[in-house]
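> Got a structure for you, questions after.
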Amino acid sequence: IALAPGYLQREWTEDGRRYFRYEMDAPILNFYSFLSARYAVEKDVWDGPDGPVSLEVYHHPDHQYNVERMMEAMKASLAYFSRAFSPYQYRQLRILEFPNYASFAQSFPNTVPFSESIGFIADIGSNDIDYPFYVTAHEVAHQWFAHQIVGGNVQGATVLSETLSQYGALMVMKERYGADDMHRFLGYELDQYLLGRTVEREREVPLM
């Protein structure tokens with residue numbers, strides 16, 4: 001299965017090769033991803049106030065551990081952001097697993113590539129911070145902050161999108177797990193930030 005932002009228009013096989021054509025129905029940033037794998041697909045629907053949104057998680061067939069957790073995070077995030085900010089602008093939302101060549105997730109229009117290492121193979125205990133849920137909420141927030149509200153093409157533009165997405169994800173975490181768990185996560189984030197500063201070789205310039 002090959003995937004890219006947009007809506008699948010056509011799928012066909014020619015000379016032993018599979019082809020997929022995607023189109024978007026509105027202008028988007030010149031910023032997109034392409035992924036292809038032998039995926040298993042989990043599907044659901046979020047019944048939002050502005051109509052149904054198709055939800056899909058594309059994953060390695062053996063990596064089902066947190067798929068339902070991600071699906072619940074998508075639903076909770078869509079509900080909160082639609083209520084707090086504005087309607088979701090697409091008819092679908094998809095999470096796509098990729099191998100642990102890197103540990104990140106990144107939001108593209110209606111499409112979120114997501115490393116196996118920070119979600120799909122995570123072992124979340126009862127006392128652990130639910131970081132697959134949080135990362136999902138953060139990336140869904142980018143559907144608003146970076147794909148509805150877009151910063152200018154200047155240094156520091158990502159302060160807008162990352163800060164607002166971080167805030168939105170924390171509010172979803174607070175609704176789901178309570179203020180104590182949200183603050184525990186903020187403590188973890190602070191520790192990671194301060195640890196990063198100990199090996200920073202250049203001066204910090206996010207707001208300069």
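Identifiers in the structure tokens: chain A, B, ... in order shown; residue index from 1 per chain; ligand index from 1 in order shown.
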Going by DSSP on the backbone, which bits of chain A are alpha helix (DSSP H)? Write them as a VMD selection string, please.
chain A and resid 67 to 84 131 to 141 157 to 177 179 to 198
> Counting only C-alpha atoms, what is within 7 Å of region 118-129 of chain A, bar same-chain residues fewer than 5 positions away, as an MDAnalysis selection string?
chainID A and resid 63:67 103:104 185
> Here is a test: counting only C-alpha atoms, which residue of A:Gln143, A:Tyr101, A:Ala137, A:Arg91 is nearest to Lys174 (chain A)?
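That would be A:Ala137, the residue with the smallest distance to Lys174 (chain A).
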> Name all residues at most 9 Å from His147 (chain A) (count only C-alpha atoms; drop same-chain ones fewer than 3 positions away) and give them as an mmCIF file with all heavy atoms, in the first residue's frame.

```
data_model
loop_
_atom_site.group_PDB
_atom_site.id
_atom_site.type_symbol
_atom_site.label_atom_id
_atom_site.label_comp_id
_atom_site.auth_asym_id
_atom_site.auth_seq_id
_atom_site.Cartn_x
_atom_site.Cartn_y
_atom_site.Cartn_z
ATOM 1 N N ILE A 28 -2.810 23.097 -0.209
ATOM 2 C CA ILE A 28 -2.024 22.685 0.955
ATOM 3 C C ILE A 28 -0.600 23.202 0.792
ATOM 4 O O ILE A 28 -0.205 23.635 -0.290
ATOM 5 C CB ILE A 28 -2.001 21.150 1.141
ATOM 6 C CG1 ILE A 28 -1.341 20.462 -0.057
ATOM 7 C CG2 ILE A 28 -3.394 20.611 1.396
ATOM 8 C CD1 ILE A 28 -1.142 18.969 0.118
ATOM 9 N N LEU A 29 0.162 23.142 1.891
ATOM 10 C CA LEU A 29 1.575 23.490 1.821
ATOM 11 C C LEU A 29 2.309 22.550 0.867
ATOM 12 O O LEU A 29 1.918 21.403 0.682
ATOM 13 C CB LEU A 29 2.215 23.374 3.205
ATOM 14 C CG LEU A 29 1.873 24.429 4.250
ATOM 15 C CD1 LEU A 29 2.446 24.022 5.601
ATOM 16 C CD2 LEU A 29 2.428 25.784 3.842
ATOM 17 N N SER A 107 3.434 15.639 11.133
ATOM 18 C CA SER A 107 2.085 15.819 10.622
ATOM 19 C C SER A 107 2.104 16.465 9.239
ATOM 20 O O SER A 107 2.705 17.522 9.047
ATOM 21 C CB SER A 107 1.284 16.705 11.592
ATOM 22 O OG SER A 107 -0.096 16.528 11.420
ATOM 23 N N PHE A 108 1.456 15.810 8.293
ATOM 24 C CA PHE A 108 1.211 16.355 6.964
ATOM 25 C C PHE A 108 -0.310 16.429 6.781
ATOM 26 O O PHE A 108 -1.047 15.869 7.594
ATOM 27 C CB PHE A 108 1.836 15.461 5.904
ATOM 28 C CG PHE A 108 3.334 15.347 6.024
ATOM 29 C CD1 PHE A 108 3.907 14.399 6.858
ATOM 30 C CD2 PHE A 108 4.167 16.192 5.308
ATOM 31 C CE1 PHE A 108 5.285 14.296 6.982
ATOM 32 C CE2 PHE A 108 5.546 16.103 5.422
ATOM 33 C CZ PHE A 108 6.111 15.164 6.262
ATOM 34 N N PRO A 109 -0.811 17.098 5.763
ATOM 35 C CA PRO A 109 -2.259 17.196 5.620
ATOM 36 C C PRO A 109 -2.941 15.826 5.654
ATOM 37 O O PRO A 109 -2.643 14.958 4.849
ATOM 38 C CB PRO A 109 -2.433 17.880 4.252
ATOM 39 C CG PRO A 109 -1.199 18.715 4.107
ATOM 40 C CD PRO A 109 -0.104 17.882 4.715
ATOM 41 N N HIS A 142 -1.256 19.577 14.994
ATOM 42 C CA HIS A 142 -0.609 20.216 13.845
ATOM 43 C C HIS A 142 -1.542 20.310 12.635
ATOM 44 O O HIS A 142 -1.278 21.098 11.715
ATOM 45 C CB HIS A 142 0.652 19.453 13.448
ATOM 46 C CG HIS A 142 1.855 19.822 14.247
ATOM 47 N ND1 HIS A 142 2.300 21.126 14.390
ATOM 48 C CD2 HIS A 142 2.734 19.053 14.950
ATOM 49 C CE1 HIS A 142 3.390 21.142 15.131
ATOM 50 N NE2 HIS A 142 3.665 19.901 15.497
ATOM 51 N N GLN A 143 -2.608 19.533 12.618
ATOM 52 C CA GLN A 143 -3.579 19.700 11.542
ATOM 53 C C GLN A 143 -4.227 21.086 11.607
ATOM 54 O O GLN A 143 -4.710 21.602 10.599
ATOM 55 C CB GLN A 143 -4.650 18.609 11.610
ATOM 56 C CG GLN A 143 -4.110 17.196 11.443
ATOM 57 C CD GLN A 143 -3.527 16.948 10.071
ATOM 58 O OE1 GLN A 143 -4.149 17.257 9.044
ATOM 59 N NE2 GLN A 143 -2.335 16.385 10.032
ATOM 60 N N TRP A 144 -4.216 21.680 12.804
ATOM 61 C CA TRP A 144 -4.662 23.067 12.966
ATOM 62 C C TRP A 144 -3.477 24.029 12.872
ATOM 63 O O TRP A 144 -3.496 24.957 12.068
ATOM 64 C CB TRP A 144 -5.363 23.241 14.315
ATOM 65 C CG TRP A 144 -6.795 22.824 14.324
ATOM 66 C CD1 TRP A 144 -7.888 23.645 14.226
ATOM 67 C CD2 TRP A 144 -7.314 21.486 14.420
ATOM 68 N NE1 TRP A 144 -9.052 22.910 14.251
ATOM 69 C CE2 TRP A 144 -8.730 21.584 14.370
ATOM 70 C CE3 TRP A 144 -6.730 20.229 14.538
ATOM 71 C CZ2 TRP A 144 -9.559 20.469 14.439
ATOM 72 C CZ3 TRP A 144 -7.543 19.110 14.605
ATOM 73 C CH2 TRP A 144 -8.936 19.229 14.553
ATOM 74 N N VAL A 150 -0.867 28.980 9.374
ATOM 75 C CA VAL A 150 0.483 28.738 8.883
ATOM 76 C C VAL A 150 1.340 29.962 9.172
ATOM 77 O O VAL A 150 0.983 31.084 8.793
ATOM 78 C CB VAL A 150 0.478 28.432 7.379
ATOM 79 C CG1 VAL A 150 1.887 28.104 6.892
ATOM 80 C CG2 VAL A 150 -0.462 27.277 7.068
#
```
> Write out as a list in words all residues of region 25-106 of chain A that DSSP puts in strand (DSSP E or B) for this structure's backbone.
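Result set for region 25-106 of chain A (strand (DSSP E or B)): Leu35, Ser36, Ala40, Val41, Glu42, Lys43, Asp44, Val45, Trp46, Asp47, Gly48, Gly51, Pro52, Val53, Ser54, Leu55, Glu56, Val57, Tyr58, His59, Gln92, Leu93, Arg94, Ile95, Leu96, Glu97, Phe98 and Ala105 of chain A.
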> When distances are computed from only C-alpha atoms, which of A:Tyr32, A:Ala26, A:Gln166, A:Tyr58 shows the smallest separation from Gln148 (chain A)?
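Closest to Gln148 (chain A), using only C-alpha atoms: A:Ala26.
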> Using only C-alpha atoms, find the one residue out of A:Ser86, A:Ala141, A:His183, A:Tyr188 that sits nearest to Tyr167 (chain A).
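Distance minimum relative to Tyr167 (chain A) lands on A:Ala141.
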> Between A:Glu11, A:Asp47, A:Glu175, A:Glu116, which one has atoms that come closest to Ala73 (chain A), using only C-alpha atoms?
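So, comparing all the options, the nearest one is A:Glu175.
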> Have a look at CA of Val53 (chain A) and CA of Thr163 (chain A) and let me know their distance in Å, one decimal.
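Going from CA of Val53 (chain A) over to CA of Thr163 (chain A), I get 25.6 Å.
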> Calculated over only C-alpha atoms, which of the candidates A:Ile95, A:Leu78, A:Met70, A:Leu186 has the smallest distance to Val112 (chain A)?
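Between A:Ile95, A:Leu78, A:Met70, A:Leu186, the residue approaching Val112 (chain A) most closely is A:Ile95.
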